[in-house]
Amino acid sequence: MQDRPVVVITGGTAGVGRALARAYAHRGWRVAVLARGQAGLAATAADVARAGGEPLTLAADVADSAAVFDAADRVVARWGRIDLWINNAMVTVFGPAECATPEEYARVTAVTYLGTVHGTLAALRHMRPRDRGTILQIGSALAYRSIPLQAAYCAAKAACRGFTDSLRSELLHEKSRIRLTMAQLPAVDTPQFDWARTHVRGRPQPVPPIHTPEAVAEAIATAARTAPREIWIGAPSMQAILGTMVAPGLMDRMMARSAWDSQIGPGDARADNLMQPVERDMGAAGRFGSEASDRVASLSGPTVRAGLAAGGVLVAGAALTAAALLARRRDP
């Protein structure tokens, strides 16, 4: 069993990260999980062992670069290498942009964006000597299409995309065999909506349609195996990203009309995990299981763009042909 592959998952104790830990454990991988809360780490380790994987828990805040580098060193000291690093850790603040404090913006940026940077740099340090390995960034459709009430999170995910695109070009320039991919996610039924800091009356909720974390985790695992430039998971992600590319102003108005009230449900906010971990096991799924679909489509971004380009060429060709025929008819 010494040749088991090794995956590191940041934010791996809840939501999509927890589902990924279970998915790789079922595949027989060695699974290292980074998170702040001890309760979640202990429960995730038990899940991984039960599913046939080998767990390693690492208590670390991804906003602390030294802690992330130390965690990576510990993984390599234990298992000799890192085959796959998944940057999944995030925190968020719900509410109008002006309601969040500068300290809250700084914290969301430090975890969601800089945590991705720290994890990527730590992975690269150990992958470069072998010139192999895969780094997968967990993104969001909101990296392309920002929505109201989530300014800090949308900005951080957009920054992750910008960082990843720059690094990808550098790896290509170096002819590196290290693979880099980013998965843009749809709305997922996770505990995020139960422990996010909020400045609105009521409890945050995802904009439907909603998907189960297990279905999304399987799509991510497929992306990690093939490592396309980018993977768009879920039809809503594809619609949001393509809609923003084609008609950003229209999308702005649609978000203004529909994406405000749809993110606020009944109930009261609970203790949040922005600054400190919530010391209880939150698991993978949130409270929207009855509304969540366990089926999710996914396509690589380049494939979708190529299809659109081909469609555009066909439309343009048809238009030119029609114009030529019309001109001939008018030619005396």
# chains A, B, ... in the order shown; residues from 1 in each chain; ligands from 1
>>> residues_around(residues="Arg4 (chain A)", least_positions_apart="6", cutoff="12 Å", atoms="only C-alpha atoms", output="PDB file with N, CA, C and O atoms, in the first residue's frame")
ATOM      1  N   TYR A  24     -12.123  10.685  -2.115  1.00  0.00           N
ATOM      2  CA  TYR A  24     -10.767  10.169  -2.326  1.00  0.00           C
ATOM      3  C   TYR A  24     -10.459   9.005  -1.394  1.00  0.00           C
ATOM      4  O   TYR A  24      -9.693   8.097  -1.746  1.00  0.00           O
ATOM      5  N   ALA A  25     -11.052   9.000  -0.223  1.00  0.00           N
ATOM      6  CA  ALA A  25     -10.884   7.851   0.667  1.00  0.00           C
ATOM      7  C   ALA A  25     -11.486   6.601   0.040  1.00  0.00           C
ATOM      8  O   ALA A  25     -10.896   5.510   0.094  1.00  0.00           O
ATOM      9  N   ARG A  27     -11.584   5.966  -2.966  1.00  0.00           N
ATOM     10  CA  ARG A  27     -10.659   5.576  -4.040  1.00  0.00           C
ATOM     11  C   ARG A  27      -9.359   4.988  -3.490  1.00  0.00           C
ATOM     12  O   ARG A  27      -8.476   4.625  -4.253  1.00  0.00           O
ATOM     13  N   GLY A  28      -9.227   4.938  -2.169  1.00  0.00           N
ATOM     14  CA  GLY A  28      -8.055   4.348  -1.551  1.00  0.00           C
ATOM     15  C   GLY A  28      -6.880   5.298  -1.402  1.00  0.00           C
ATOM     16  O   GLY A  28      -5.758   4.852  -1.150  1.00  0.00           O
ATOM     17  N   TRP A  29      -7.106   6.599  -1.528  1.00  0.00           N
ATOM     18  CA  TRP A  29      -6.024   7.571  -1.438  1.00  0.00           C
ATOM     19  C   TRP A  29      -5.637   7.835   0.020  1.00  0.00           C
ATOM     20  O   TRP A  29      -6.391   7.571   0.954  1.00  0.00           O
ATOM     21  N   ARG A  30      -4.446   8.375   0.177  1.00  0.00           N
ATOM     22  CA  ARG A  30      -4.061   8.984   1.442  1.00  0.00           C
ATOM     23  C   ARG A  30      -4.576  10.424   1.422  1.00  0.00           C
ATOM     24  O   ARG A  30      -4.313  11.160   0.472  1.00  0.00           O
ATOM     25  N   VAL A  31      -5.292  10.791   2.468  1.00  0.00           N
ATOM     26  CA  VAL A  31      -6.014  12.067   2.471  1.00  0.00           C
ATOM     27  C   VAL A  31      -5.548  12.929   3.636  1.00  0.00           C
ATOM     28  O   VAL A  31      -5.778  12.596   4.803  1.00  0.00           O
ATOM     29  N   GLY A  52     -11.849   3.620   3.804  1.00  0.00           N
ATOM     30  CA  GLY A  52     -10.731   2.890   3.238  1.00  0.00           C
ATOM     31  C   GLY A  52      -9.517   3.719   2.898  1.00  0.00           C
ATOM     32  O   GLY A  52      -8.541   3.209   2.349  1.00  0.00           O
ATOM     33  N   GLY A  53      -9.547   5.010   3.233  1.00  0.00           N
ATOM     34  CA  GLY A  53      -8.397   5.866   2.997  1.00  0.00           C
ATOM     35  C   GLY A  53      -7.504   5.923   4.223  1.00  0.00           C
ATOM     36  O   GLY A  53      -7.813   5.354   5.271  1.00  0.00           O
ATOM     37  N   GLU A  54      -6.385   6.618   4.097  1.00  0.00           N
ATOM     38  CA  GLU A  54      -5.480   6.826   5.223  1.00  0.00           C
ATOM     39  C   GLU A  54      -5.470   8.315   5.555  1.00  0.00           C
ATOM     40  O   GLU A  54      -5.043   9.130   4.737  1.00  0.00           O
ATOM     41  N   PRO A  55      -5.955   8.714   6.744  1.00  0.00           N
ATOM     42  CA  PRO A  55      -6.099  10.135   7.037  1.00  0.00           C
ATOM     43  C   PRO A  55      -4.876  10.757   7.699  1.00  0.00           C
ATOM     44  O   PRO A  55      -4.102  10.080   8.387  1.00  0.00           O
ATOM     45  N   TRP A  79       4.425  10.972   4.006  1.00  0.00           N
ATOM     46  CA  TRP A  79       4.108  10.116   2.868  1.00  0.00           C
ATOM     47  C   TRP A  79       5.052  10.271   1.676  1.00  0.00           C
ATOM     48  O   TRP A  79       4.898   9.575   0.677  1.00  0.00           O
ATOM     49  N   GLY A  80       5.981  11.188   1.747  1.00  0.00           N
ATOM     50  CA  GLY A  80       7.006  11.275   0.712  1.00  0.00           C
ATOM     51  C   GLY A  80       6.698  12.148  -0.482  1.00  0.00           C
ATOM     52  O   GLY A  80       7.608  12.508  -1.234  1.00  0.00           O
ATOM     53  N   ARG A  81       5.441  12.536  -0.683  1.00  0.00           N
ATOM     54  CA  ARG A  81       5.106  13.337  -1.863  1.00  0.00           C
ATOM     55  C   ARG A  81       3.696  13.901  -1.716  1.00  0.00           C
ATOM     56  O   ARG A  81       2.945  13.511  -0.818  1.00  0.00           O
ATOM     57  N   ILE A  82       3.352  14.800  -2.642  1.00  0.00           N
ATOM     58  CA  ILE A  82       1.984  15.305  -2.784  1.00  0.00           C
ATOM     59  C   ILE A  82       1.614  15.163  -4.254  1.00  0.00           C
ATOM     60  O   ILE A  82       2.258  15.757  -5.126  1.00  0.00           O
ATOM     61  N   ASP A  83       0.596  14.365  -4.541  1.00  0.00           N
ATOM     62  CA  ASP A  83       0.157  14.164  -5.924  1.00  0.00           C
ATOM     63  C   ASP A  83      -0.892  15.177  -6.353  1.00  0.00           C
ATOM     64  O   ASP A  83      -0.916  15.606  -7.512  1.00  0.00           O
ATOM     65  N   LEU A  84      -1.765  15.532  -5.429  1.00  0.00           N
ATOM     66  CA  LEU A  84      -2.870  16.441  -5.743  1.00  0.00           C
ATOM     67  C   LEU A  84      -3.095  17.362  -4.559  1.00  0.00           C
ATOM     68  O   LEU A  84      -3.204  16.902  -3.419  1.00  0.00           O
TER      69      LEU A  84
END
>>> select_by_dssp(residues="region 67-284 of chain A", states="helix (DSSP H, G or I)", output="ChimeraX atom specification")
/A:67-79,97-99,102-127,141-143,151-173,192-195,213-226,235-246,248-258,261-263
>>> residues_around(residues="Thr181 (chain A)", least_positions_apart="6", cutoff="10 Å", atoms="only C-alpha atoms", output="JSON, numbers by chain")
{"A": [86, 134, 135, 136, 137, 138, 139, 164, 165, 168, 223, 224, 226, 227, 228, 229, 230, 231]}
>>> residues_around(residues="Ala110 (chain A)", least_positions_apart="5", cutoff="10 Å", atoms="only C-alpha atoms", output="PDB file with N, CA, C and O atoms, in the first residue's frame")
ATOM      1  N   ASP A  61      -4.703  27.454   9.827  1.00  0.00           N
ATOM      2  CA  ASP A  61      -5.485  28.524   9.225  1.00  0.00           C
ATOM      3  C   ASP A  61      -4.781  28.878   7.921  1.00  0.00           C
ATOM      4  O   ASP A  61      -3.622  29.301   7.930  1.00  0.00           O
ATOM      5  N   VAL A  62      -5.459  28.731   6.783  1.00  0.00           N
ATOM      6  CA  VAL A  62      -4.784  28.951   5.506  1.00  0.00           C
ATOM      7  C   VAL A  62      -4.374  30.411   5.302  1.00  0.00           C
ATOM      8  O   VAL A  62      -3.564  30.707   4.419  1.00  0.00           O
ATOM      9  N   ALA A  63      -4.919  31.311   6.113  1.00  0.00           N
ATOM     10  CA  ALA A  63      -4.478  32.703   6.040  1.00  0.00           C
ATOM     11  C   ALA A  63      -3.057  32.867   6.568  1.00  0.00           C
ATOM     12  O   ALA A  63      -2.402  33.879   6.296  1.00  0.00           O
ATOM     13  N   ASP A  64      -2.574  31.885   7.310  1.00  0.00           N
ATOM     14  CA  ASP A  64      -1.228  31.899   7.885  1.00  0.00           C
ATOM     15  C   ASP A  64      -0.310  31.110   6.947  1.00  0.00           C
ATOM     16  O   ASP A  64      -0.323  29.880   6.940  1.00  0.00           O
ATOM     17  N   SER A  65       0.490  31.814   6.166  1.00  0.00           N
ATOM     18  CA  SER A  65       1.319  31.140   5.154  1.00  0.00           C
ATOM     19  C   SER A  65       2.296  30.161   5.784  1.00  0.00           C
ATOM     20  O   SER A  65       2.527  29.066   5.259  1.00  0.00           O
ATOM     21  N   MET A  90     -12.545  28.464   2.444  1.00  0.00           N
ATOM     22  CA  MET A  90     -13.166  29.762   2.197  1.00  0.00           C
ATOM     23  C   MET A  90     -13.951  30.224   3.415  1.00  0.00           C
ATOM     24  O   MET A  90     -14.352  29.414   4.244  1.00  0.00           O
ATOM     25  N   VAL A  91     -14.133  31.527   3.517  1.00  0.00           N
ATOM     26  CA  VAL A  91     -15.101  32.127   4.424  1.00  0.00           C
ATOM     27  C   VAL A  91     -15.789  33.244   3.643  1.00  0.00           C
ATOM     28  O   VAL A  91     -15.293  33.687   2.602  1.00  0.00           O
ATOM     29  N   GLU A 104     -13.608  42.704   7.989  1.00  0.00           N
ATOM     30  CA  GLU A 104     -14.273  41.536   7.405  1.00  0.00           C
ATOM     31  C   GLU A 104     -13.822  41.308   5.963  1.00  0.00           C
ATOM     32  O   GLU A 104     -13.593  40.169   5.552  1.00  0.00           O
ATOM     33  N   TYR A 105     -13.681  42.378   5.205  1.00  0.00           N
ATOM     34  CA  TYR A 105     -13.143  42.234   3.847  1.00  0.00           C
ATOM     35  C   TYR A 105     -11.740  41.636   3.894  1.00  0.00           C
ATOM     36  O   TYR A 105     -11.396  40.759   3.085  1.00  0.00           O
ATOM     37  N   GLY A 115      -5.399  32.349   0.991  1.00  0.00           N
ATOM     38  CA  GLY A 115      -5.298  30.936   1.353  1.00  0.00           C
ATOM     39  C   GLY A 115      -5.035  30.069   0.133  1.00  0.00           C
ATOM     40  O   GLY A 115      -4.267  29.105   0.191  1.00  0.00           O
ATOM     41  N   THR A 116      -5.661  30.426  -0.992  1.00  0.00           N
ATOM     42  CA  THR A 116      -5.404  29.716  -2.241  1.00  0.00           C
ATOM     43  C   THR A 116      -3.971  29.943  -2.713  1.00  0.00           C
ATOM     44  O   THR A 116      -3.295  29.009  -3.171  1.00  0.00           O
ATOM     45  N   VAL A 117      -3.500  31.174  -2.590  1.00  0.00           N
ATOM     46  CA  VAL A 117      -2.115  31.480  -2.961  1.00  0.00           C
ATOM     47  C   VAL A 117      -1.142  30.690  -2.083  1.00  0.00           C
ATOM     48  O   VAL A 117      -0.200  30.059  -2.580  1.00  0.00           O
ATOM     49  N   HIS A 118      -1.374  30.709  -0.775  1.00  0.00           N
ATOM     50  CA  HIS A 118      -0.472  30.006   0.147  1.00  0.00           C
ATOM     51  C   HIS A 118      -0.447  28.504  -0.156  1.00  0.00           C
ATOM     52  O   HIS A 118       0.619  27.878  -0.192  1.00  0.00           O
ATOM     53  N   ALA A 156     -12.916  37.853  -3.985  1.00  0.00           N
ATOM     54  CA  ALA A 156     -11.851  36.904  -3.657  1.00  0.00           C
ATOM     55  C   ALA A 156     -11.773  35.781  -4.686  1.00  0.00           C
ATOM     56  O   ALA A 156     -10.678  35.364  -5.092  1.00  0.00           O
TER      57      ALA A 156
END
>>> atom_distance(atom1="CA of Thr244 (chain A)", atom2="CA of Gln263 (chain A)")
19.7 Å
>>> select_by_dssp(residues="region 152-230 of chain A", states="strand (DSSP E)", output="list in words")
Arg179, Leu180, Thr181, Met182, Ala183, Gln184, Leu185, Arg197, Thr198, Arg203, Pro204, Ile210, His211 and Glu230 of chain A
>>> atom_distance(atom1="CA of Asn87 (chain A)", atom2="CA of Gly119 (chain A)")
6.3 Å
